[in-house]
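A.B. asks: Dropping the structure in here first, questions after.
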Amino acid sequence: MESFLNKLKDITTFIFDVDGVITDGTVYVTESGEQFKSFNIKDGYALQLAVKLGYNVCAISGSRSKASLYRLNSLGVMDVLVGAHKKSDNFNSYLESKHVGPLSTLYMGDDITDLAAMKLAGLPVCPADAAEEIKAISQYISPFPGGRGAVRDVIEKVMKVQGKWLNDEAYSW
């Protein structure tokens, strides 16, 4: 655990998968084909706080969900890459655009489509209910499932190690 906590000191960039990480992966579909997703308010709080404090925050999704785009944008997360077929390419392009290296990047994924990108990240992590292959390469497994606090868990840990959690700067609205 000590080595994991040491790595948190250098994190400047958070990249999250959407379905199964920021949401619990459930999609509700009406008879007309409209889709609905559920988002955790505490995860949302942590995401907007990370943006406010100057972290790079990106979401990469294979889906093209308007609900996900709307929710993340409303939290200040403007780097939302949807329709991603090869997340490792999106990962590399994003880091290049922000001029950051992989060692300062935490990537939280939950399923096989995240595997290649997670292997590139300095700190691959996952929710409690991630696929076994993802758990096997993760340096931290949150005790919380996707869409139920896993995002808040890792953002809060990074901020606490860096002295930014409960810091006056974070709460001056």
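The chains in the structure tokens are called A, B, ... from first to last as shown; in each chain the residues are counted from 1, and the ligands are counted from 1 in the order shown.
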If you run DSSP on the backbone, which residues of region 24-169 of chain A are strand (DSSP E or B), as a list in words?

C.D. replies: Tyr28, Val29, Gln35, Phe36, Phe39, Asn56, Val57, Cys58, Ala59, Ile60, Asp79, Val80, Leu81, Thr105, Leu106, Tyr107, Met108, Leu123, Pro124, Val125, Cys126, Tyr140 and Ile141 of chain A

A.B. asks: Quick one: residues within 9 Å of Thr105 (chain A), only C-alpha atoms counted, chain neighbours fewer than 5 positions away excluded, as a list of chain:residue names?

C.D. replies: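 Contacts, in chain order: A:Asp10, A:Ile11, A:Thr12, A:Thr13, A:Phe14, A:Ile15, A:Leu95, A:Val100, A:Ala121, A:Gly122, A:Leu123, A:Pro124.
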
A.B. asks: Restricting it to N, CA and C atoms, dump the selection as a PDB file, in the first residue's frame.

C.D. replies:
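Below you can see out-v4.pdb, which holds the result:
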```
ATOM      1  N   ASP A  10       2.318  12.102  -7.359  1.00  0.00           N
ATOM      2  CA  ASP A  10       2.661  12.630  -8.680  1.00  0.00           C
ATOM      3  C   ASP A  10       1.494  12.707  -9.654  1.00  0.00           C
ATOM      4  N   ILE A  11       0.310  12.346  -9.229  1.00  0.00           N
ATOM      5  CA  ILE A  11      -0.842  12.328 -10.146  1.00  0.00           C
ATOM      6  C   ILE A  11      -1.306  13.752 -10.453  1.00  0.00           C
ATOM      7  N   THR A  12      -1.375  14.055 -11.740  1.00  0.00           N
ATOM      8  CA  THR A  12      -1.898  15.345 -12.211  1.00  0.00           C
ATOM      9  C   THR A  12      -3.093  15.139 -13.139  1.00  0.00           C
ATOM     10  N   THR A  13      -3.291  13.890 -13.557  1.00  0.00           N
ATOM     11  CA  THR A  13      -4.279  13.597 -14.589  1.00  0.00           C
ATOM     12  C   THR A  13      -5.091  12.365 -14.213  1.00  0.00           C
ATOM     13  N   PHE A  14      -6.411  12.517 -14.311  1.00  0.00           N
ATOM     14  CA  PHE A  14      -7.341  11.413 -14.089  1.00  0.00           C
ATOM     15  C   PHE A  14      -8.018  11.075 -15.408  1.00  0.00           C
ATOM     16  N   ILE A  15      -8.010   9.803 -15.768  1.00  0.00           N
ATOM     17  CA  ILE A  15      -8.771   9.344 -16.932  1.00  0.00           C
ATOM     18  C   ILE A  15      -9.681   8.215 -16.461  1.00  0.00           C
ATOM     19  N   LEU A  95      -2.970  12.564 -23.577  1.00  0.00           N
ATOM     20  CA  LEU A  95      -1.764  12.951 -22.839  1.00  0.00           C
ATOM     21  C   LEU A  95      -0.894  13.898 -23.655  1.00  0.00           C
ATOM     22  N   VAL A 100       1.405  15.920 -20.783  1.00  0.00           N
ATOM     23  CA  VAL A 100       1.697  15.187 -19.552  1.00  0.00           C
ATOM     24  C   VAL A 100       2.162  13.788 -19.906  1.00  0.00           C
ATOM     25  N   ALA A 121      -0.889   3.517 -18.457  1.00  0.00           N
ATOM     26  CA  ALA A 121      -0.978   4.497 -17.375  1.00  0.00           C
ATOM     27  C   ALA A 121       0.039   4.222 -16.278  1.00  0.00           C
ATOM     28  N   GLY A 122       0.484   5.288 -15.647  1.00  0.00           N
ATOM     29  CA  GLY A 122       1.387   5.146 -14.514  1.00  0.00           C
ATOM     30  C   GLY A 122       0.713   4.478 -13.334  1.00  0.00           C
ATOM     31  N   LEU A 123      -0.605   4.701 -13.205  1.00  0.00           N
ATOM     32  CA  LEU A 123      -1.329   4.136 -12.083  1.00  0.00           C
ATOM     33  C   LEU A 123      -2.688   3.597 -12.540  1.00  0.00           C
ATOM     34  N   PRO A 124      -2.718   2.332 -12.963  1.00  0.00           N
ATOM     35  CA  PRO A 124      -3.989   1.713 -13.335  1.00  0.00           C
ATOM     36  C   PRO A 124      -4.738   1.254 -12.083  1.00  0.00           C
TER      37      PRO A 124
END
```

A.B. asks: Select from region 62-81 of chain A every residue with an atom at most 12 Å from any atom of region 32-36 of chain A, then for each give the shortest pair of atoms and their distance in Å to one decimal, using only C-alpha atoms, rows by chain and rising number, as a Markdown table.

C.D. replies:
```
| residue | atom | partner | partner_atom | distance |
| --- | --- | --- | --- | --- |
| A:Ser63 | CA | A:Gln35 | CA | 11.6 |
| A:Arg64 | CA | A:Gln35 | CA | 11.1 |
| A:Ser65 | CA | A:Gln35 | CA | 8.2 |
| A:Lys66 | CA | A:Gln35 | CA | 9.0 |
| A:Ala67 | CA | A:Phe36 | CA | 7.0 |
| A:Ser68 | CA | A:Phe36 | CA | 9.3 |
| A:Tyr70 | CA | A:Phe36 | CA | 11.9 |
| A:Arg71 | CA | A:Phe36 | CA | 11.5 |
```

A.B. asks: At a cut-off of 8 Å, using only C-alpha atoms, what residues contact region 86-93 of chain A? Leave out same-chain residues fewer than 2 positions from it and give the result as a list in words.

C.D. replies: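 Within the cut-off, the hits are Ile60, Ser61, Leu81, Ala84, Leu95, Glu96, Ser97, Thr113, Asp114, Ala116, Ala117, Met118 and Leu120 of chain A.
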
A.B. asks: Keeping only C-alpha atoms, write those residues as a short mmCIF file (atom, residue, chain, number, x, y, z; two decimals), in the first residue's frame.

C.D. replies:
```
data_model
loop_
_atom_site.label_atom_id
_atom_site.label_comp_id
_atom_site.auth_asym_id
_atom_site.auth_seq_id
_atom_site.Cartn_x
_atom_site.Cartn_y
_atom_site.Cartn_z
CA ILE A 60 -13.15 7.89 -22.46
CA SER A 61 -16.17 5.87 -23.55
CA LEU A 81 -14.04 11.27 -25.67
CA ALA A 84 -13.77 5.32 -28.58
CA LEU A 95 -1.76 12.95 -22.84
CA GLU A 96 0.00 14.49 -25.82
CA SER A 97 -2.60 17.29 -26.03
CA THR A 113 -11.92 -2.50 -23.54
CA ASP A 114 -9.85 -0.58 -20.96
CA ALA A 116 -4.59 -1.69 -23.31
CA ALA A 117 -4.98 1.90 -22.12
CA MET A 118 -4.61 0.90 -18.48
CA LEU A 120 -0.01 2.56 -20.51
#
```

A.B. asks: Excluding Gly20 (chain A) and any residue of its chain fewer than 3 positions from it, enumerate the residues within 8 Å of it, using only C-alpha atoms, and give them as number ranges by chain.

C.D. replies: A: 17, 23-26, 109-111, 130, 146-147

A.B. asks: As an exercise, work out the distance from CA of Leu166 (chain A) to CA of Leu69 (chain A) in Å and give it to one decimal place.

C.D. replies: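 Straight-line distance from CA of Leu166 (chain A) to CA of Leu69 (chain A) works out to 28.1 Å.
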
A.B. asks: Have a look at A:Leu115, A:Leu103, A:Cys126, A:Glu132 and name the one nearest to Leu8 (chain A); count only C-alpha atoms.

C.D. replies: A:Leu103

A.B. asks: If I take CA of Arg152 (chain A) and CA of Leu47 (chain A), how far is one from the other in Å, to one decimal?

C.D. replies: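 Those two atoms sit 7.4 Å apart.
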
A.B. asks: Out of chain A, which residues get alpha helix (DSSP H) from DSSP, as a PyMOL selection string?

C.D. replies: chain A and resi 2-8+41-52+66-74+87-98+115-120+132-137+150-161

A.B. asks: Skip region 153-165 of chain A itself and residues of its chain fewer than 6 positions away, then list as a PyMOL selection string all residues within 7 Å of it, counting only C-alpha atoms.

C.D. replies: chain A and resi 8-9+46+142

A.B. asks: Tell me which of A:His99, A:Val21, A:Val80, A:Asn40 sits closest to Ala128 (chain A), counting only C-alpha atoms.

C.D. replies: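 Among the listed residues, the smallest separation from Ala128 (chain A) belongs to A:Val21.
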